[in-house]
file model_38.txt (compact mmCIF, C-alpha atoms)
# COMPACT_ATOMS: atom_id res chain seq x y z
CA MET A 11 -10.13 10.32 -19.53
CA LYS A 12 -11.48 10.87 -23.04
CA TYR A 13 -8.78 9.54 -25.36
CA CYS A 14 -6.77 6.32 -25.56
CA SER A 15 -3.19 6.93 -24.40
CA LYS A 16 -2.03 4.12 -26.72
CA CYS A 17 -3.69 4.99 -30.06
CA GLY A 18 -5.46 8.32 -29.51
CA GLY A 19 -8.93 6.79 -30.17
CA ARG A 20 -12.08 7.89 -28.28
CA LEU A 21 -12.75 6.14 -24.99
CA VAL A 22 -16.14 4.77 -24.02
CA GLU A 23 -17.20 3.74 -20.53
CA LYS A 24 -18.60 0.23 -20.25
CA VAL A 25 -18.27 -3.03 -18.37
CA PRO A 26 -15.81 -5.35 -20.15
CA ARG A 27 -16.67 -9.03 -20.64
CA ASN A 28 -15.72 -11.06 -17.53
CA ASP A 29 -15.67 -7.91 -15.41
CA ASP A 30 -18.25 -6.30 -13.15
CA ARG A 31 -17.42 -2.62 -13.22
CA ARG A 32 -17.32 0.17 -15.76
CA ARG A 33 -13.91 0.85 -17.30
CA HIS A 34 -12.59 3.24 -19.92
CA ILE A 35 -12.23 1.22 -23.13
CA CYS A 36 -10.85 2.42 -26.46
CA SER A 37 -13.45 2.33 -29.25
CA ASP A 38 -10.63 1.84 -31.78
CA CYS A 39 -8.03 -0.55 -30.29
CA ALA A 40 -10.18 -2.01 -27.42
CA THR A 41 -7.50 -1.37 -24.77
CA VAL A 42 -9.00 -1.27 -21.27
CA HIS A 43 -7.58 1.63 -19.24
CA TYR A 44 -7.77 0.63 -15.57
CA GLN A 45 -7.58 3.24 -12.83
CA ASN A 46 -6.34 2.31 -9.36
CA PRO A 47 -5.62 3.98 -6.01
CA LYS A 48 -2.22 5.55 -5.40
CA ILE A 49 0.17 5.02 -2.53
CA VAL A 50 1.37 7.92 -0.37
CA THR A 51 4.54 6.86 1.46
CA GLY A 52 6.34 8.69 4.23
CA CYS A 53 7.73 8.45 7.70
CA LEU A 54 7.61 9.74 11.24
CA PRO A 55 11.24 10.71 11.95
CA ILE A 56 12.04 10.27 15.63
CA TRP A 57 14.84 11.85 17.68
CA GLN A 58 14.82 10.93 21.39
CA ASN A 59 11.39 12.09 22.63
CA SER A 60 10.73 14.35 19.64
CA VAL A 61 9.37 13.92 16.13
CA LEU A 62 10.26 15.86 12.99
CA LEU A 63 7.50 17.76 11.19
CA CYS A 64 7.57 19.92 8.05
CA ARG A 65 5.55 23.09 7.47
CA ARG A 66 4.17 22.89 3.95
CA ALA A 67 5.16 25.61 1.49
CA ILE A 68 2.77 24.34 -1.21
CA GLU A 69 -0.92 23.60 -1.61
CA PRO A 70 -2.88 21.76 -0.44
CA ARG A 71 -2.66 22.90 3.21
CA SER A 72 0.19 25.35 2.72
CA GLY A 73 1.42 26.65 6.10
CA PHE A 74 0.28 23.54 7.99
CA TRP A 75 2.48 20.84 9.54
CA THR A 76 2.93 17.35 8.19
CA VAL A 77 5.18 14.32 8.30
CA PRO A 78 7.39 13.98 5.20
CA ALA A 79 5.35 11.95 2.68
CA GLY A 80 4.40 11.85 -0.99
CA PHE A 81 3.39 9.65 -3.88
CA MET A 82 5.34 6.42 -4.32
CA GLU A 83 7.10 6.47 -7.69
CA LEU A 84 7.68 3.73 -10.27
CA ASP A 85 10.84 1.62 -9.80
CA GLU A 86 11.15 2.18 -6.07
CA THR A 87 10.01 0.34 -2.95
CA VAL A 88 7.58 1.91 -0.50
CA GLN A 89 10.55 2.13 1.92
CA GLN A 90 12.77 3.88 -0.63
CA GLY A 91 9.91 6.29 -1.34
CA ALA A 92 9.60 7.14 2.37
CA ILE A 93 13.34 7.83 2.63
CA ARG A 94 13.32 9.88 -0.60
CA GLU A 95 10.37 12.03 0.51
CA THR A 96 12.08 12.68 3.86
CA TRP A 97 15.15 13.92 2.04
CA GLU A 98 13.14 16.02 -0.43
CA GLU A 99 10.94 17.73 2.17
CA ALA A 100 13.21 17.93 5.22
CA ARG A 101 16.75 17.30 3.90
CA ALA A 102 16.88 14.68 6.65
CA ARG A 103 18.42 11.20 6.64
CA VAL A 104 16.47 8.46 8.35
CA GLU A 105 16.74 4.77 9.10
CA LEU A 106 13.33 3.10 8.83
CA LEU A 107 12.27 1.00 11.84
CA ALA A 108 8.94 -0.57 10.78
CA PRO A 109 5.71 0.22 8.95
CA TYR A 110 3.45 1.97 11.44
CA SER A 111 0.27 3.39 9.94
CA MET A 112 -1.70 2.29 6.89
CA PHE A 113 -4.70 4.52 6.32
CA ASN A 114 -7.22 4.42 3.47
CA LEU A 115 -8.44 7.69 2.00
CA PRO A 116 -11.07 6.29 -0.36
CA HIS A 117 -12.54 9.75 -1.12
CA VAL A 118 -9.27 10.63 -2.89
CA ASN A 119 -8.28 7.05 -3.81
CA GLN A 120 -5.09 7.01 -1.77
CA LEU A 121 -3.51 4.52 0.60
CA TYR A 122 -1.26 6.28 3.09
CA ILE A 123 1.65 4.21 4.50
CA ILE A 124 3.87 5.73 7.21
CA PHE A 125 6.98 4.14 8.74
CA ARG A 126 8.46 4.85 12.14
CA ALA A 127 11.99 6.05 11.47
CA ARG A 128 15.10 7.04 13.39
CA LEU A 129 16.52 10.43 12.49
CA MET A 130 20.22 9.78 11.92
CA ASP A 131 21.56 13.21 12.87
CA LEU A 132 20.37 16.76 13.56
CA GLU A 133 21.24 18.08 10.12
CA PHE A 134 17.97 18.99 8.48
CA GLU A 135 16.45 22.01 6.76
CA PRO A 136 13.44 22.82 4.60
CA GLY A 137 13.44 21.32 1.12
CA PRO A 138 11.76 23.18 -1.76
CA GLU A 139 8.24 22.11 -0.71
CA SER A 140 8.63 23.11 2.96
CA GLU A 141 8.94 26.49 4.64
CA ASP A 142 10.09 25.15 8.02
CA VAL A 143 11.24 21.87 9.57
CA ARG A 144 11.33 21.36 13.33
CA LEU A 145 11.49 18.80 16.11
CA PHE A 146 8.46 18.67 18.41
CA THR A 147 7.95 16.93 21.75
CA GLU A 148 4.43 15.67 22.49
CA GLN A 149 3.67 18.86 24.44
CA ASP A 150 4.72 21.08 21.53
CA ILE A 151 2.84 19.35 18.68
CA PRO A 152 0.82 22.00 16.80
CA TRP A 153 -2.39 19.94 16.99
CA ASN A 154 -4.53 22.73 15.53
CA ASP A 155 -2.17 23.36 12.64
CA LEU A 156 -1.65 19.86 11.27
CA ALA A 157 -2.08 19.53 7.50
CA PHE A 158 -3.96 16.24 7.31
CA GLY A 159 -6.06 13.91 9.44
CA THR A 160 -3.66 11.09 8.63
CA VAL A 161 -0.87 13.08 10.29
CA ARG A 162 -2.97 13.81 13.39
CA GLN A 163 -3.98 10.16 13.71
CA THR A 164 -0.42 8.87 13.24
CA LEU A 165 0.83 11.26 15.95
CA ARG A 166 -2.01 10.31 18.31
CA PHE A 167 -1.23 6.61 17.94
CA TYR A 168 2.49 7.25 18.33
CA PHE A 169 2.27 9.18 21.59
CA GLN A 170 -0.31 6.67 22.87
CA ASP A 171 2.11 3.79 22.10
CA CYS A 172 5.27 5.50 23.41
CA PRO A 173 4.76 4.81 27.14
CA LEU A 174 4.44 1.07 26.38
CA ASN A 175 7.35 1.15 23.89
CA ARG A 176 5.26 -1.15 21.68
CA PHE A 177 4.25 0.00 18.22
CA PRO A 178 1.79 -2.34 16.49
CA MET A 179 0.88 -1.57 12.89
CA ARG A 180 -2.16 0.73 12.86
CA SER A 181 -4.69 0.56 10.08
CA GLY A 182 -7.89 2.44 9.39
CA THR A 183 -9.90 4.64 7.09
CA VAL A 184 -10.38 8.39 6.93
CA VAL A 185 -14.03 9.11 6.10
CA PRO A 186 -15.26 12.61 5.25
CA ASN A 187 -18.33 13.69 7.25
CA ALA A 188 -20.24 16.86 8.07
CA ASN A 189 -17.64 17.97 10.66
CA GLY A 190 -14.58 17.29 8.54
CA PHE A 191 -13.30 13.75 8.81
CA ARG A 192 -13.87 10.72 10.97
CA PHE A 193 -11.32 7.96 11.55
CA GLU A 194 -12.50 4.35 11.50
CA ALA A 195 -9.94 1.97 12.94
CA GLY A 196 -8.92 -1.16 11.05
CA PRO A 197 -9.75 -4.71 12.09
CA ASP A 198 -7.01 -4.86 14.71
CA ASP A 199 -7.65 -1.50 16.40
CA GLU A 200 -10.44 -0.16 18.56
CA LEU A 201 -12.49 2.70 17.13
CA GLU A 202 -10.82 6.10 17.44
CA PHE A 203 -12.06 9.56 16.54
CA MET A 204 -9.97 12.04 14.71
CA GLY A 205 -12.27 15.10 14.96
CA SER A 206 -12.70 17.80 12.36
CA GLU A 207 -9.98 19.25 10.17
CA MET B 27 1.65 6.12 -23.44
CA LYS B 28 1.67 8.16 -26.65
CA TYR B 29 -1.45 10.32 -26.48
CA CYS B 30 -2.98 12.63 -23.88
CA SER B 31 -6.04 10.97 -22.31
CA LYS B 32 -7.53 14.43 -21.69
CA CYS B 33 -7.19 16.16 -25.11
CA GLY B 34 -5.78 13.50 -27.48
CA GLY B 35 -2.55 15.49 -28.09
CA ARG B 36 0.88 13.86 -28.54
CA LEU B 37 2.81 13.16 -25.35
CA VAL B 38 6.48 13.98 -24.94
CA GLU B 39 8.76 12.64 -22.22
CA LYS B 40 10.61 15.27 -20.23
CA VAL B 41 11.36 16.48 -16.72
CA PRO B 42 8.74 19.07 -15.64
CA ARG B 43 9.84 22.24 -13.87
CA ASN B 44 10.26 21.65 -10.09
CA ASP B 45 10.49 17.90 -10.67
CA ASP B 46 13.46 15.55 -11.00
CA ARG B 47 12.21 12.72 -13.16
CA ARG B 48 10.91 12.26 -16.67
CA ARG B 49 7.12 12.32 -17.04
CA HIS B 50 4.71 12.03 -19.94
CA ILE B 51 3.57 15.58 -20.72
CA CYS B 52 1.02 16.66 -23.33
CA SER B 53 2.55 18.85 -26.05
CA ASP B 54 -0.88 20.51 -26.54
CA CYS B 55 -2.51 21.01 -23.11
CA ALA B 56 0.63 20.53 -20.91
CA THR B 57 -1.08 18.00 -18.61
CA VAL B 58 1.48 15.85 -16.77
CA HIS B 59 0.46 12.17 -16.79
CA TYR B 60 1.98 10.58 -13.68
CA GLN B 61 2.39 6.81 -13.42
CA ASN B 62 2.51 5.12 -10.04
CA PRO B 63 2.74 1.61 -8.57
CA LYS B 64 -0.43 -0.40 -8.04
CA ILE B 65 -1.65 -2.17 -4.93
CA VAL B 66 -2.42 -5.88 -4.92
CA THR B 67 -4.64 -6.68 -1.93
CA GLY B 68 -5.65 -10.08 -0.61
CA CYS B 69 -5.76 -12.32 2.40
CA LEU B 70 -4.61 -15.57 3.93
CA PRO B 71 -7.90 -17.21 5.00
CA ILE B 72 -7.36 -19.38 8.07
CA TRP B 73 -9.51 -22.25 9.40
CA GLN B 74 -8.12 -23.96 12.51
CA ASN B 75 -4.64 -25.19 11.48
CA SER B 76 -5.32 -24.87 7.73
CA VAL B 77 -5.16 -22.10 5.16
CA LEU B 78 -7.28 -21.65 2.05
CA LEU B 79 -5.53 -21.54 -1.33
CA CYS B 80 -6.91 -21.15 -4.86
CA ARG B 81 -5.60 -22.88 -7.98
CA ARG B 82 -5.46 -20.26 -10.71
CA ALA B 83 -7.57 -20.83 -13.85
CA ILE B 84 -6.06 -17.83 -15.64
CA GLU B 85 -2.66 -16.56 -16.68
CA PRO B 86 -0.20 -15.67 -15.35
CA ARG B 87 0.66 -18.92 -13.52
CA SER B 88 -2.49 -20.80 -14.49
CA GLY B 89 -2.67 -24.12 -12.60
CA PHE B 90 -0.57 -22.87 -9.67
CA TRP B 91 -1.79 -22.15 -6.14
CA THR B 92 -2.21 -18.70 -4.64
CA VAL B 93 -3.91 -16.80 -1.86
CA PRO B 94 -6.95 -14.82 -3.03
CA ALA B 95 -5.63 -11.40 -4.12
CA GLY B 96 -5.95 -8.84 -6.88
CA PHE B 97 -5.69 -5.17 -7.78
CA MET B 98 -7.24 -2.72 -5.35
CA GLU B 99 -10.02 -0.80 -7.12
CA LEU B 100 -11.07 2.85 -6.92
CA ASP B 101 -13.59 3.73 -4.18
CA GLU B 102 -12.72 0.86 -1.88
CA THR B 103 -10.40 0.38 1.08
CA VAL B 104 -7.51 -2.07 0.95
CA GLN B 105 -9.50 -4.19 3.45
CA GLN B 106 -12.66 -4.14 1.31
CA GLY B 107 -10.52 -5.14 -1.69
CA ALA B 108 -9.10 -8.13 0.19
CA ILE B 109 -12.60 -9.30 1.17
CA ARG B 110 -13.91 -8.74 -2.39
CA GLU B 111 -11.06 -10.71 -3.99
CA THR B 112 -11.62 -13.58 -1.55
CA TRP B 113 -15.26 -13.72 -2.58
CA GLU B 114 -14.45 -13.45 -6.30
CA GLU B 115 -11.76 -16.12 -6.36
CA ALA B 116 -12.89 -18.55 -3.65
CA ARG B 117 -16.55 -17.68 -2.95
CA ALA B 118 -15.43 -17.52 0.67
CA ARG B 119 -16.45 -15.09 3.42
CA VAL B 120 -13.70 -13.87 5.73
CA GLU B 121 -13.24 -11.62 8.72
CA LEU B 122 -9.93 -9.76 8.48
CA LEU B 123 -7.67 -9.98 11.55
CA ALA B 124 -4.72 -7.70 10.74
CA PRO B 125 -2.41 -6.68 7.90
CA TYR B 126 0.32 -9.32 7.74
CA SER B 127 2.62 -9.02 4.74
CA MET B 128 3.57 -5.96 2.69
CA PHE B 129 5.89 -6.88 -0.15
CA ASN B 130 7.33 -4.65 -2.87
CA LEU B 131 7.55 -5.98 -6.42
CA PRO B 132 9.42 -3.08 -8.01
CA HIS B 133 10.09 -5.01 -11.25
CA VAL B 134 6.33 -4.93 -11.94
CA ASN B 135 5.58 -1.78 -9.92
CA GLN B 136 3.26 -3.48 -7.44
CA LEU B 137 2.89 -3.33 -3.67
CA TYR B 138 1.38 -6.56 -2.36
CA ILE B 139 -0.60 -6.29 0.92
CA ILE B 140 -1.97 -9.46 2.53
CA PHE B 141 -4.16 -9.67 5.64
CA ARG B 142 -4.50 -12.58 8.01
CA ALA B 143 -8.19 -13.50 7.93
CA ARG B 144 -10.58 -15.90 9.66
CA LEU B 145 -12.61 -18.05 7.30
CA MET B 146 -16.18 -17.66 8.56
CA ASP B 147 -17.53 -21.04 7.43
CA LEU B 148 -16.66 -23.99 5.21
CA GLU B 149 -18.79 -22.87 2.28
CA PHE B 150 -16.37 -22.06 -0.52
CA GLU B 151 -15.92 -23.02 -4.15
CA PRO B 152 -13.91 -21.85 -7.15
CA GLY B 153 -14.89 -18.46 -8.56
CA PRO B 154 -14.51 -17.79 -12.31
CA GLU B 155 -10.73 -17.19 -12.06
CA SER B 156 -10.01 -20.36 -10.05
CA GLU B 157 -10.14 -24.02 -10.99
CA ASP B 158 -9.93 -25.36 -7.43
CA VAL B 159 -10.09 -24.06 -3.86
CA ARG B 160 -8.86 -26.13 -0.91
CA LEU B 161 -7.76 -26.04 2.70
CA PHE B 162 -4.14 -27.04 3.35
CA THR B 163 -2.35 -27.82 6.60
CA GLU B 164 1.36 -26.89 6.75
CA GLN B 165 2.33 -30.46 5.77
CA ASP B 166 0.09 -30.37 2.67
CA ILE B 167 1.12 -26.97 1.23
CA PRO B 168 2.05 -27.51 -2.45
CA TRP B 169 5.36 -25.65 -2.06
CA ASN B 170 6.52 -26.52 -5.57
CA ASP B 171 3.27 -25.44 -7.18
CA LEU B 172 2.78 -21.99 -5.68
CA ALA B 173 1.96 -19.25 -8.18
CA PHE B 174 4.08 -16.41 -6.81
CA GLY B 175 7.04 -15.78 -4.53
CA THR B 176 4.87 -13.43 -2.47
CA VAL B 177 2.57 -16.36 -1.69
CA ARG B 178 5.46 -18.64 -0.72
CA GLN B 179 6.98 -15.98 1.52
CA THR B 180 3.65 -15.17 3.20
CA LEU B 181 3.08 -18.88 3.93
CA ARG B 182 6.64 -19.31 5.23
CA PHE B 183 6.26 -16.41 7.62
CA TYR B 184 2.84 -17.63 8.71
CA PHE B 185 3.89 -21.15 9.64
CA GLN B 186 7.03 -19.75 11.27
CA ASP B 187 4.88 -17.41 13.42
CA CYS B 188 2.16 -19.96 14.26
CA PRO B 189 3.96 -21.77 17.12
CA LEU B 190 4.48 -18.42 18.89
CA ASN B 191 0.92 -17.26 18.10
CA ARG B 192 2.41 -13.83 17.38
CA PHE B 193 2.06 -12.32 13.92
CA PRO B 194 4.07 -9.13 13.44
CA MET B 195 3.65 -7.27 10.17
CA ARG B 196 6.19 -8.59 7.66
CA SER B 197 7.65 -6.33 5.00
CA GLY B 198 10.17 -6.91 2.26
CA THR B 199 11.01 -6.81 -1.42
CA VAL B 200 10.92 -9.47 -4.12
CA VAL B 201 13.96 -9.00 -6.36
CA PRO B 202 14.40 -10.93 -9.62
CA ASN B 203 17.79 -12.64 -9.96
CA ALA B 204 19.45 -15.31 -12.10
CA ASN B 205 17.75 -18.16 -10.18
CA GLY B 206 14.25 -16.66 -10.17
CA PHE B 207 13.60 -14.35 -7.27
CA ARG B 208 15.24 -13.39 -4.00
CA PHE B 209 13.39 -12.01 -0.97
CA GLU B 210 14.93 -9.11 0.94
CA ALA B 211 13.33 -8.59 4.31
CA GLY B 212 12.13 -5.14 5.37
CA PRO B 213 13.70 -3.04 8.11
CA ASP B 214 12.01 -4.96 10.91
CA ASP B 215 12.73 -8.50 9.70
CA GLU B 216 15.90 -10.54 9.44
CA LEU B 217 17.02 -11.49 5.92
CA GLU B 218 15.16 -14.45 4.46
CA PHE B 219 15.58 -16.28 1.20
CA MET B 220 12.72 -17.29 -0.99
CA GLY B 221 14.57 -19.41 -3.55
CA SER B 222 13.71 -19.70 -7.21
CA GLU B 223 10.24 -19.81 -8.73
call {"tool": "encode", "arguments": {"input": "model_38.txt", "output": "structure tokens"}}
result
Amino acid sequence: MKYCSKCGGRLVEKVPRNDDRRRHICSDCATVHYQNPKIVTGCLPIWQNSVLLCRRAIEPRSGFWTVPAGFMELDETVQQGAIRETWEEARARVELLAPYSMFNLPHVNQLYIIFRARLMDLEFEPGPESEDVRLFTEQDIPWNDLAFGTVRQTLRFYFQDCPLNRFPMRSGTVVPNANGFRFEAGPDDELEFMGSE
Amino acid sequence: MKYCSKCGGRLVEKVPRNDDRRRHICSDCATVHYQNPKIVTGCLPIWQNSVLLCRRAIEPRSGFWTVPAGFMELDETVQQGAIRETWEEARARVELLAPYSMFNLPHVNQLYIIFRARLMDLEFEPGPESEDVRLFTEQDIPWNDLAFGTVRQTLRFYFQDCPLNRFPMRSGTVVPNANGFRFEAGPDDELEFMGSE
């Protein structure tokens, strides 16, 4: 950020009055340009004892498997965003059941929110950003070919919760480390490890 | 948004290739400037059968009562943001228990995430953005002087859940209407009404 999106003036970085962190401020019109984390919204579509995953056709992590998810847009709810992304990536219709995982990715300034969802029928196919879409039982999950740690951790929690048929909201933080990433569980979960990417 | 924050060029609004909605795009360097909803993070600090509320000293809704909450910042988790806001607004230290409410405010492009939290001691006082901070039992809640519908709805759910000592995650959407605002419960909650502001 170098220029003011409002007036085109040069931005300077300084701490505004009554604030305690550096912001981008316009040297001409004094507008403060705040930057904030973004929300990634998606769902885990469930059909009987299987879940729907998409094989990514685009970077990052092209060729790897993910749950349908993407950036929440203006003028939609986080639920509408999850349903929209599922249609865009898997041409699948879902009914959301409940929010399930809420994971921080502070190294990329994202908050990842995934809903458990019921797949409404077996009509699905790859959307433009996917090269394949398939149902997987727990035994078939391509654990070594998952696109993101958030996907691995959501699937781990899900198959751990399935036998009890009880799905508490799971929260935590994905922290990069020397081996890839580590998962730190939120206040209501015990510590879990996600392993390397 | 009129100017490119990267090169200072004029922005135009159009639908980029492989996209389906209008974005601000630089006519010089072609950078697409996405806009996304922001996260408001906070908590409901609990002490025995009371909750801590802050009377706002700033607009909007100056003089009205709220839970400590504010915009999530870069480089923090949503949990760290909730703890930070509680310190800034109420000079109170809390231990987070679990995420509790997740409310969409699509008319202002915000997602509001509130944690249940345990107040760690009785040392609290107004921070610079508050004019008063107090503990309220259910009977004392200033229902007619609450700052935001999200606060009212969080408190309603909380005192409804207290007798059962079971606090499922609550999700929903605040929708402006002729009388103020209406609350539409998320997929896992029955419909509730919030009434007017």
call {"tool": "interface_residues", "arguments": {"input": "model_38.txt", "of": "chain B", "to": "chain A", "cutoff": "8 Å", "atoms": "all atoms listed in the file", "output": "PyMOL selection string"}}
result
chain B and resi 27-35+61-65+97-104+122-125+130-133+135+137+194-195+197+199+212-214
call {"tool": "write_last_selection", "arguments": {"input": "model_38.txt", "atoms": "C-alpha atoms", "output": "compact mmCIF listing (two decimals), in the coordinates of the input"}}
result
# COMPACT_ATOMS: atom_id res chain seq x y z
CA MET B 27 1.65 6.12 -23.44
CA LYS B 28 1.67 8.16 -26.65
CA TYR B 29 -1.45 10.32 -26.48
CA CYS B 30 -2.98 12.63 -23.88
CA SER B 31 -6.04 10.97 -22.31
CA LYS B 32 -7.53 14.43 -21.69
CA CYS B 33 -7.19 16.16 -25.11
CA GLY B 34 -5.78 13.50 -27.48
CA GLY B 35 -2.55 15.49 -28.09
CA GLN B 61 2.39 6.81 -13.42
CA ASN B 62 2.51 5.12 -10.04
CA PRO B 63 2.74 1.61 -8.57
CA LYS B 64 -0.43 -0.40 -8.04
CA ILE B 65 -1.65 -2.17 -4.93
CA PHE B 97 -5.69 -5.17 -7.78
CA MET B 98 -7.24 -2.72 -5.35
CA GLU B 99 -10.02 -0.80 -7.12
CA LEU B 100 -11.07 2.85 -6.92
CA ASP B 101 -13.59 3.73 -4.18
CA GLU B 102 -12.72 0.86 -1.88
CA THR B 103 -10.40 0.38 1.08
CA VAL B 104 -7.51 -2.07 0.95
CA LEU B 122 -9.93 -9.76 8.48
CA LEU B 123 -7.67 -9.98 11.55
CA ALA B 124 -4.72 -7.70 10.74
CA PRO B 125 -2.41 -6.68 7.90
CA ASN B 130 7.33 -4.65 -2.87
CA LEU B 131 7.55 -5.98 -6.42
CA PRO B 132 9.42 -3.08 -8.01
CA HIS B 133 10.09 -5.01 -11.25
CA ASN B 135 5.58 -1.78 -9.92
CA LEU B 137 2.89 -3.33 -3.67
CA PRO B 194 4.07 -9.13 13.44
CA MET B 195 3.65 -7.27 10.17
CA SER B 197 7.65 -6.33 5.00
CA THR B 199 11.01 -6.81 -1.42
CA GLY B 212 12.13 -5.14 5.37
CA PRO B 213 13.70 -3.04 8.11
CA ASP B 214 12.01 -4.96 10.91
call {"tool": "closest_residue", "arguments": {"input": "model_38.txt", "among": "B:Tyr184, B:Glu114, B:Leu161, B:Arg178", "to": "B:Phe207", "atoms": "all atoms listed in the file"}}
result
B:Arg178
call {"tool": "atom_distance", "arguments": {"input": "model_38.txt", "atom1": "atom CA of A:Gly73", "atom2": "atom CA of A:Arg166"}}
result
20.7 Å
call {"tool": "residues_near_point", "arguments": {"input": "model_38.txt", "point": "(17.0, 6.3, 10.0)", "cutoff": "12 Å", "atoms": "only C-alpha atoms", "output": "number ranges by chain"}}
result
A: 53-57, 89-90, 92-94, 96-97, 102-108, 125-132; B: 213
call {"tool": "atom_distance", "arguments": {"input": "model_38.txt", "atom1": "atom CA of B:Pro152", "atom2": "atom CA of A:Val42"}}
result
25.4 Å
call {"tool": "atom_distance", "arguments": {"input": "model_38.txt", "atom1": "atom CA of A:Gln58", "atom2": "atom CA of A:Thr147"}}
result
9.1 Å
call {"tool": "build_atoms", "arguments": {"input": "model_38.txt", "residues": "stretch 118-124 of chain A", "atoms": "all heavy atoms", "output": "PDB file, in the coordinates of the input"}}
result
ATOM      1  N   VAL A 118     -10.246  10.134  -1.916  1.00  0.00           N
ATOM      2  CA  VAL A 118      -9.270  10.630  -2.890  1.00  0.00           C
ATOM      3  C   VAL A 118      -8.468   9.468  -3.507  1.00  0.00           C
ATOM      4  O   VAL A 118      -7.475   9.685  -4.193  1.00  0.00           O
ATOM      5  CB  VAL A 118      -8.301  11.673  -2.279  1.00  0.00           C
ATOM      6  CG1 VAL A 118      -9.039  12.983  -2.028  1.00  0.00           C
ATOM      7  CG2 VAL A 118      -7.668  11.161  -0.988  1.00  0.00           C
ATOM      8  N   ASN A 119      -8.929   8.241  -3.246  1.00  0.00           N
ATOM      9  CA  ASN A 119      -8.280   7.050  -3.810  1.00  0.00           C
ATOM     10  C   ASN A 119      -6.778   6.982  -3.510  1.00  0.00           C
ATOM     11  O   ASN A 119      -5.949   6.813  -4.403  1.00  0.00           O
ATOM     12  CB  ASN A 119      -8.558   6.936  -5.315  1.00  0.00           C
ATOM     13  CG  ASN A 119      -9.989   6.508  -5.576  1.00  0.00           C
ATOM     14  OD1 ASN A 119     -10.416   5.462  -5.094  1.00  0.00           O
ATOM     15  ND2 ASN A 119     -10.734   7.321  -6.291  1.00  0.00           N
ATOM     16  N   GLN A 120      -6.476   7.136  -2.209  1.00  0.00           N
ATOM     17  CA  GLN A 120      -5.090   7.010  -1.770  1.00  0.00           C
ATOM     18  C   GLN A 120      -4.988   6.011  -0.610  1.00  0.00           C
ATOM     19  O   GLN A 120      -5.919   5.899   0.197  1.00  0.00           O
ATOM     20  CB  GLN A 120      -4.538   8.360  -1.277  1.00  0.00           C
ATOM     21  CG  GLN A 120      -4.414   9.392  -2.376  1.00  0.00           C
ATOM     22  CD  GLN A 120      -4.027  10.769  -1.844  1.00  0.00           C
ATOM     23  OE1 GLN A 120      -3.762  10.949  -0.671  1.00  0.00           O
ATOM     24  NE2 GLN A 120      -4.007  11.745  -2.735  1.00  0.00           N
ATOM     25  N   LEU A 121      -3.869   5.330  -0.562  1.00  0.00           N
ATOM     26  CA  LEU A 121      -3.510   4.520   0.600  1.00  0.00           C
ATOM     27  C   LEU A 121      -2.227   5.119   1.163  1.00  0.00           C
ATOM     28  O   LEU A 121      -1.221   5.253   0.458  1.00  0.00           O
ATOM     29  CB  LEU A 121      -3.292   3.050   0.226  1.00  0.00           C
ATOM     30  CG  LEU A 121      -2.966   2.136   1.413  1.00  0.00           C
ATOM     31  CD1 LEU A 121      -4.177   1.971   2.331  1.00  0.00           C
ATOM     32  CD2 LEU A 121      -2.507   0.755   0.920  1.00  0.00           C
ATOM     33  N   TYR A 122      -2.291   5.504   2.436  1.00  0.00           N
ATOM     34  CA  TYR A 122      -1.260   6.280   3.090  1.00  0.00           C
ATOM     35  C   TYR A 122      -0.460   5.316   3.983  1.00  0.00           C
ATOM     36  O   TYR A 122      -1.040   4.684   4.872  1.00  0.00           O
ATOM     37  CB  TYR A 122      -2.020   7.314   3.912  1.00  0.00           C
ATOM     38  CG  TYR A 122      -1.293   8.519   4.417  1.00  0.00           C
ATOM     39  CD1 TYR A 122      -1.410   9.733   3.743  1.00  0.00           C
ATOM     40  CD2 TYR A 122      -0.566   8.478   5.590  1.00  0.00           C
ATOM     41  CE1 TYR A 122      -0.796  10.877   4.238  1.00  0.00           C
ATOM     42  CE2 TYR A 122       0.055   9.612   6.082  1.00  0.00           C
ATOM     43  CZ  TYR A 122      -0.067  10.810   5.399  1.00  0.00           C
ATOM     44  OH  TYR A 122       0.539  11.938   5.899  1.00  0.00           O
ATOM     45  N   ILE A 123       0.838   5.154   3.726  1.00  0.00           N
ATOM     46  CA  ILE A 123       1.650   4.210   4.500  1.00  0.00           C
ATOM     47  C   ILE A 123       2.815   4.977   5.142  1.00  0.00           C
ATOM     48  O   ILE A 123       3.633   5.580   4.440  1.00  0.00           O
ATOM     49  CB  ILE A 123       2.196   3.082   3.599  1.00  0.00           C
ATOM     50  CG1 ILE A 123       1.022   2.270   3.029  1.00  0.00           C
ATOM     51  CG2 ILE A 123       3.148   2.166   4.389  1.00  0.00           C
ATOM     52  CD1 ILE A 123       1.419   1.224   2.007  1.00  0.00           C
ATOM     53  N   ILE A 124       2.854   4.965   6.475  1.00  0.00           N
ATOM     54  CA  ILE A 124       3.870   5.730   7.210  1.00  0.00           C
ATOM     55  C   ILE A 124       4.725   4.778   8.049  1.00  0.00           C
ATOM     56  O   ILE A 124       4.202   3.935   8.774  1.00  0.00           O
ATOM     57  CB  ILE A 124       3.195   6.776   8.130  1.00  0.00           C
ATOM     58  CG1 ILE A 124       2.408   7.778   7.285  1.00  0.00           C
ATOM     59  CG2 ILE A 124       4.217   7.498   9.011  1.00  0.00           C
ATOM     60  CD1 ILE A 124       3.257   8.618   6.362  1.00  0.00           C
TER      61      ILE A 124
END
